[in-house]
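Q: Sending over upload.cif (mmCIF, C-alpha atoms).
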```cif
data_start
loop_
_atom_site.label_atom_id
_atom_site.label_comp_id
_atom_site.auth_asym_id
_atom_site.auth_seq_id
_atom_site.Cartn_x
_atom_site.Cartn_y
_atom_site.Cartn_z
CA MET W 1 197.27 244.05 103.09
CA ARG W 2 197.23 242.33 99.74
CA TYR W 3 199.14 239.35 101.17
CA PHE W 4 196.52 239.03 103.87
CA LEU W 5 193.73 239.10 101.27
CA LEU W 6 195.56 236.54 99.13
CA ILE W 7 196.06 234.17 102.05
CA PHE W 8 192.45 234.66 103.16
CA GLY W 9 191.18 233.94 99.64
CA VAL W 10 193.24 230.75 99.43
CA LEU W 11 191.86 229.58 102.78
CA VAL W 12 188.28 230.23 101.64
CA VAL W 13 188.86 228.22 98.46
CA LEU W 14 190.39 225.35 100.44
CA VAL W 15 187.49 225.27 102.90
CA VAL W 16 184.96 225.22 100.07
CA LEU W 17 186.83 222.46 98.23
CA ILE W 18 187.16 220.32 101.37
CA ALA W 19 183.80 220.86 103.06
CA GLY W 20 181.67 221.61 100.00
CA ARG W 21 178.85 224.12 99.86
CA ARG W 22 176.28 223.68 102.61
CA GLY W 23 172.82 222.81 101.28
CA ASP W 24 174.03 220.83 98.27
CA LEU W 25 172.53 217.37 97.80
CA THR W 26 175.01 214.57 97.41
CA ARG W 27 175.26 210.84 98.04
CA ASN W 28 178.87 211.20 99.21
CA ARG W 29 179.44 211.13 102.94
CA PRO W 30 180.53 214.47 104.45
CA LEU W 31 183.97 215.05 105.88
CA GLN W 32 183.94 213.99 109.53
CA ILE W 33 186.78 214.46 111.98
CA PHE W 34 185.07 212.12 114.46
CA PRO W 35 182.86 209.68 112.49
CA ASP W 36 179.36 209.10 113.88
CA MET W 37 178.34 205.60 114.96
CA LYS W 38 175.49 205.72 112.45
CA ARG W 39 178.06 205.59 109.66
CA GLN W 40 179.70 202.37 110.82
CA LEU W 41 179.68 199.26 108.67
CA LYS W 42 176.27 197.59 108.56
CA LEU W 43 174.06 195.27 106.56
CA ARG W 44 171.15 196.83 104.74
CA PRO W 45 167.81 194.94 104.90
CA GLN W 46 167.11 192.35 102.23
CA THR W 47 170.56 192.65 100.62
CA ALA W 48 172.74 189.73 99.58
CA ASN W 49 175.00 188.29 102.25
CA SER W 50 176.86 185.02 102.02
CA PHE W 51 177.30 184.65 105.76
CA PHE W 52 173.73 183.40 106.26
CA VAL W 53 172.32 180.24 104.71
CA SER W 54 169.41 182.14 103.15
CA GLY W 55 171.83 184.46 101.37
CA LEU W 56 170.07 187.55 102.74
CA SER W 57 171.10 190.00 105.42
CA SER W 58 167.61 190.02 106.99
CA GLN W 59 166.79 186.98 109.09
CA LEU W 60 163.58 185.81 110.72
CA PRO W 61 163.80 184.90 114.41
CA PRO W 62 163.77 181.18 115.22
CA PRO W 63 160.28 179.65 115.64
CA GLY W 64 158.85 180.21 119.11
CA THR W 65 160.97 183.26 119.83
CA ILE W 66 159.33 185.86 122.09
CA ALA W 67 160.49 189.29 123.15
CA ARG W 68 162.31 189.26 126.48
CA SER W 69 162.05 192.06 129.02
CA GLU W 70 161.59 192.43 132.71
CA PRO W 71 157.92 192.33 133.80
CA LEU W 72 156.34 195.37 135.38
CA ASN W 73 154.58 195.16 138.72
CA VAL W 74 151.21 196.70 137.91
CA GLY W 75 148.55 196.46 140.56
CA GLY W 76 150.42 193.59 142.18
CA GLN W 77 150.55 191.61 138.90
CA ALA W 78 153.53 190.87 136.65
CA VAL W 79 152.85 192.45 133.26
CA TYR W 80 155.14 192.35 130.24
CA PRO W 81 155.15 195.57 128.14
CA PHE W 82 154.62 193.70 124.85
CA GLU W 83 151.47 191.86 126.00
CA ASP W 84 148.19 192.84 124.37
CA LEU W 85 146.47 193.61 127.65
CA PRO W 86 144.11 196.45 128.60
CA VAL W 87 146.52 197.60 131.27
CA ASN W 88 149.18 198.14 128.58
CA THR W 89 147.05 199.53 125.75
CA GLY W 90 143.79 200.76 127.26
CA ARG W 91 141.97 198.62 124.68
CA ASN W 92 140.19 195.28 124.69
CA PRO W 93 142.62 192.56 123.50
CA GLY W 94 142.61 192.08 119.74
CA THR W 95 140.38 195.11 119.10
CA THR W 96 140.59 198.87 118.76
CA ASN W 97 137.84 199.41 121.34
CA PHE W 98 138.81 201.18 124.55
CA VAL W 99 138.03 199.55 127.87
CA GLU W 100 135.26 201.27 129.78
CA LEU W 101 136.72 200.90 133.27
CA ASN W 102 140.14 201.22 134.85
CA PRO W 103 141.71 197.72 134.95
CA LEU W 104 143.46 198.49 138.24
CA PRO W 105 141.68 198.28 141.61
CA VAL W 106 140.75 201.85 142.57
CA THR W 107 142.05 202.20 146.11
CA ALA W 108 142.84 205.15 148.34
CA GLN W 109 146.52 204.54 147.65
CA LEU W 110 145.97 204.63 143.87
CA LEU W 111 143.94 207.86 144.14
CA GLU W 112 146.61 209.47 146.28
CA ARG W 113 149.28 208.52 143.76
CA GLY W 114 147.09 209.81 140.94
CA GLN W 115 146.61 213.13 142.73
CA GLN W 116 150.36 213.48 143.11
CA ARG W 117 151.11 212.68 139.47
CA TYR W 118 148.24 214.89 138.30
CA GLY W 119 149.63 217.79 140.31
CA ILE W 120 153.04 217.38 138.69
CA TYR W 121 152.15 216.74 135.05
CA CYS W 122 148.56 217.89 134.47
CA THR W 123 148.02 220.93 136.70
CA PRO W 124 150.25 223.31 134.66
CA CYS W 125 147.79 223.10 131.74
CA HIS W 126 144.48 221.77 133.09
CA GLY W 127 144.64 223.44 136.50
CA ALA W 128 144.25 221.90 139.93
CA THR W 129 140.49 221.47 139.46
CA GLY W 130 140.67 220.29 135.83
CA GLU W 131 138.92 223.30 134.30
CA GLY W 132 141.71 224.00 131.83
CA LYS W 133 142.83 227.19 133.57
CA GLY W 134 146.40 226.32 134.44
CA ILE W 135 149.42 228.56 134.40
CA THR W 136 150.08 227.91 130.70
CA GLN W 137 146.81 229.59 129.77
CA LYS W 138 147.33 232.47 132.17
CA ILE W 139 150.67 233.38 130.59
CA GLY W 140 149.36 232.81 127.06
CA ALA W 141 151.52 229.76 126.33
CA MET W 142 148.47 227.65 125.40
CA ALA W 143 145.49 229.28 123.71
CA VAL W 144 143.13 226.34 124.19
CA VAL W 145 143.26 223.77 127.00
CA ALA W 146 140.56 221.15 127.45
CA ASN W 147 138.17 221.47 130.36
CA LEU W 148 138.21 217.97 131.85
CA HIS W 149 134.68 218.47 133.17
CA ASP W 150 133.19 218.81 129.69
CA LYS W 151 130.44 216.29 129.01
CA ARG W 152 132.39 214.85 126.07
CA ILE W 153 135.41 214.03 128.23
CA VAL W 154 133.34 212.80 131.17
CA GLU W 155 131.67 210.25 128.90
CA LEU W 156 134.94 208.93 127.43
CA PRO W 157 135.96 205.39 128.40
CA ASP W 158 138.78 205.11 130.90
CA GLY W 159 140.90 203.44 128.22
CA ASP W 160 140.53 206.48 125.96
CA LEU W 161 141.76 208.77 128.73
CA PHE W 162 144.70 206.44 129.33
CA ASN W 163 145.50 206.45 125.60
CA THR W 164 145.49 210.26 125.49
CA ILE W 165 147.79 210.49 128.49
CA SER W 166 150.12 207.93 126.95
CA HIS W 167 150.26 209.14 123.34
CA GLY W 168 148.94 212.70 123.48
CA LYS W 169 146.24 214.34 121.40
CA ASN W 170 146.11 217.55 119.36
CA LEU W 171 148.38 220.06 121.17
CA MET W 172 148.91 217.76 124.13
CA GLY W 173 152.13 215.79 124.02
CA ALA W 174 152.66 212.15 124.98
CA TYR W 175 153.40 211.47 128.64
CA ALA W 176 154.22 207.77 128.44
CA PRO W 177 157.97 208.51 128.61
CA GLN W 178 157.51 210.59 131.78
CA ILE W 179 154.71 208.81 133.63
CA ALA W 180 154.97 205.13 134.53
CA LEU W 181 152.28 202.72 133.35
CA GLU W 182 150.56 202.26 136.72
CA ASP W 183 150.79 206.00 137.42
CA ARG W 184 148.90 206.78 134.20
CA TRP W 185 146.01 204.64 135.38
CA ALA W 186 146.29 206.36 138.76
CA VAL W 187 145.87 209.72 137.02
CA VAL W 188 142.77 208.38 135.24
CA ALA W 189 141.32 207.27 138.58
CA TYR W 190 142.01 210.66 140.17
CA LEU W 191 140.49 212.46 137.18
CA ARG W 192 137.30 210.46 137.64
CA ALA W 193 137.30 211.56 141.29
CA LEU W 194 137.65 215.19 140.18
CA GLN W 195 134.74 214.80 137.77
CA LEU W 196 132.63 213.06 140.41
CA SER W 197 133.20 215.99 142.75
CA ARG W 198 131.26 218.12 140.25
CA LEU W 199 128.69 215.57 139.12
CA GLY W 200 128.02 213.76 142.37
CA ALA W 201 124.87 214.34 144.42
CA VAL W 202 124.19 214.08 148.14
CA ASP W 203 122.05 211.00 147.49
CA ASP W 204 125.16 209.21 146.23
CA LEU W 205 126.59 209.25 149.75
CA SER W 206 125.95 206.62 152.36
CA PRO W 207 123.52 207.53 155.18
CA GLU W 208 126.44 207.64 157.62
CA VAL W 209 128.35 210.18 155.53
CA ARG W 210 125.23 212.25 154.80
CA ALA W 211 124.62 212.53 158.53
CA THR W 212 127.97 214.26 158.97
CA LEU W 213 127.12 217.00 156.46
CA LYS W 214 125.91 220.36 157.65
#
```
Show the structure stored in the file as structure tokens.
A:
Amino acid sequence: MRYFLLIFGVLVVLVVLIAGRRGDLTRNRPLQIFPDMKRQLKLRPQTANSFFVSGLSSQLPPPGTIARSEPLNVGGQAVYPFEDLPVNTGRNPGTTNFVELNPLPVTAQLLERGQQRYGIYCTPCHGATGEGKGITQKIGAMAVVANLHDKRIVELPDGDLFNTISHGKNLMGAYAPQIALEDRWAVVAYLRALQLSRLGAVDDLSPEVRATLK
């Protein structure tokens, strides 16, 4: 038994000497059997480097350089993600003001797409009718969920709604990684249709449609 304890004690000492105590602060890199890519050789910003003419590791791009990426087909138009356009940001170019209206043509196809995306991503919290009574509230996962028919939300600009869907707000997470750009505007369009279903009046309908009502 004592040999076992002796061997075990030696192993503990070796492990501590090799790996160090967890929680200690040190500038030395930890022991890694398979080194991470983040620990590969690199140049730190603004440090001396004789390879470049300026003598610094950080270099400015050549004059006239622009970011290159594939354009997105949004509403039948080619849009680059880096462009300061309302369809990308929900804001007026060069300002922090949200656009009042959806920059995409509101068509039956866009509304149908918005209804589909809303059902997938928004219904669990906000409910199918937008009252904030989705399954997450029923099971107690979310204590407070916004009622999308509240006067405050109804009066928000379309760009503000798009921004909230994209980047999240309060307890709501960002959905830009999950929902494509055009689909986010489709959700905004469908949300306006949901709100109109509560706020609309019979007089808003055309005479032909009113004649079909009972």
Q: Once the PyMOL selection byres ((chain W and resi 176) around 12) has been evaluated on this model, what residues remain selected, and can you format them as a ChimeraX atom specification?
A: /W:88-89,121,162-168,173-175,177-185
Q: At a cut-off of 7 Å, using all atoms listed in the file, what residues contact W:Tyr80? Leave out same-chain residues fewer than 5 positions from it and give the result as a list in words.
A: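 The filter keeps Glu70, Pro71 and Leu72 of chain W.
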Q: So the first atom is atom CA of W:Ile139 and the second is atom CA of W:His126; what is the distance between them in Å, to one decimal place?
A: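 Answer for the atom CA of W:Ile139 to atom CA of W:His126 separation: 13.4 Å.
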Q: To one decimal in Å, tell me the separation between atom CA of W:Ser58 and atom CA of W:Lys42.
A: 11.6 Å
Q: May I have the residues within 7 Å of W:Cys125 as a VMD selection string, using all atoms listed in the file and disregarding those fewer than 5 positions away in the same chain?
A: chain W and resid 132 to 137 145
Q: Could you pull the residues within 10 Å of stretch 150-156 of chain W, counting all atoms listed in the file, minus those fewer than 3 positions along the same chain, as a list in words?
A: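 Everything that qualifies: Phe98, Val99, Glu100, Gly130, Glu131, Ala146, Asn147, Gly159, Asp160, Leu161, Leu191, Arg192, Gln195, Leu196 and Leu199 of chain W.
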Q: Rounded to one decimal, what separation in Å do you get between atom CA of W:Ala141 and atom CA of W:Pro157?
A: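 That distance, rounded to one decimal, is 29.0 Å.
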Q: Using all atoms listed in the file, can you tell me which of W:Pro81, W:Asn97, W:Gly64, W:Met142 comes closest to W:Pro124?
A: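 Using all atoms listed in the file, the shortest distance to W:Pro124 belongs to W:Met142.
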Q: Considering all atoms listed in the file, can you say which of W:His149, W:Gly127, W:Phe82, W:Val106 comes closest to W:Ser69?
A: W:Phe82
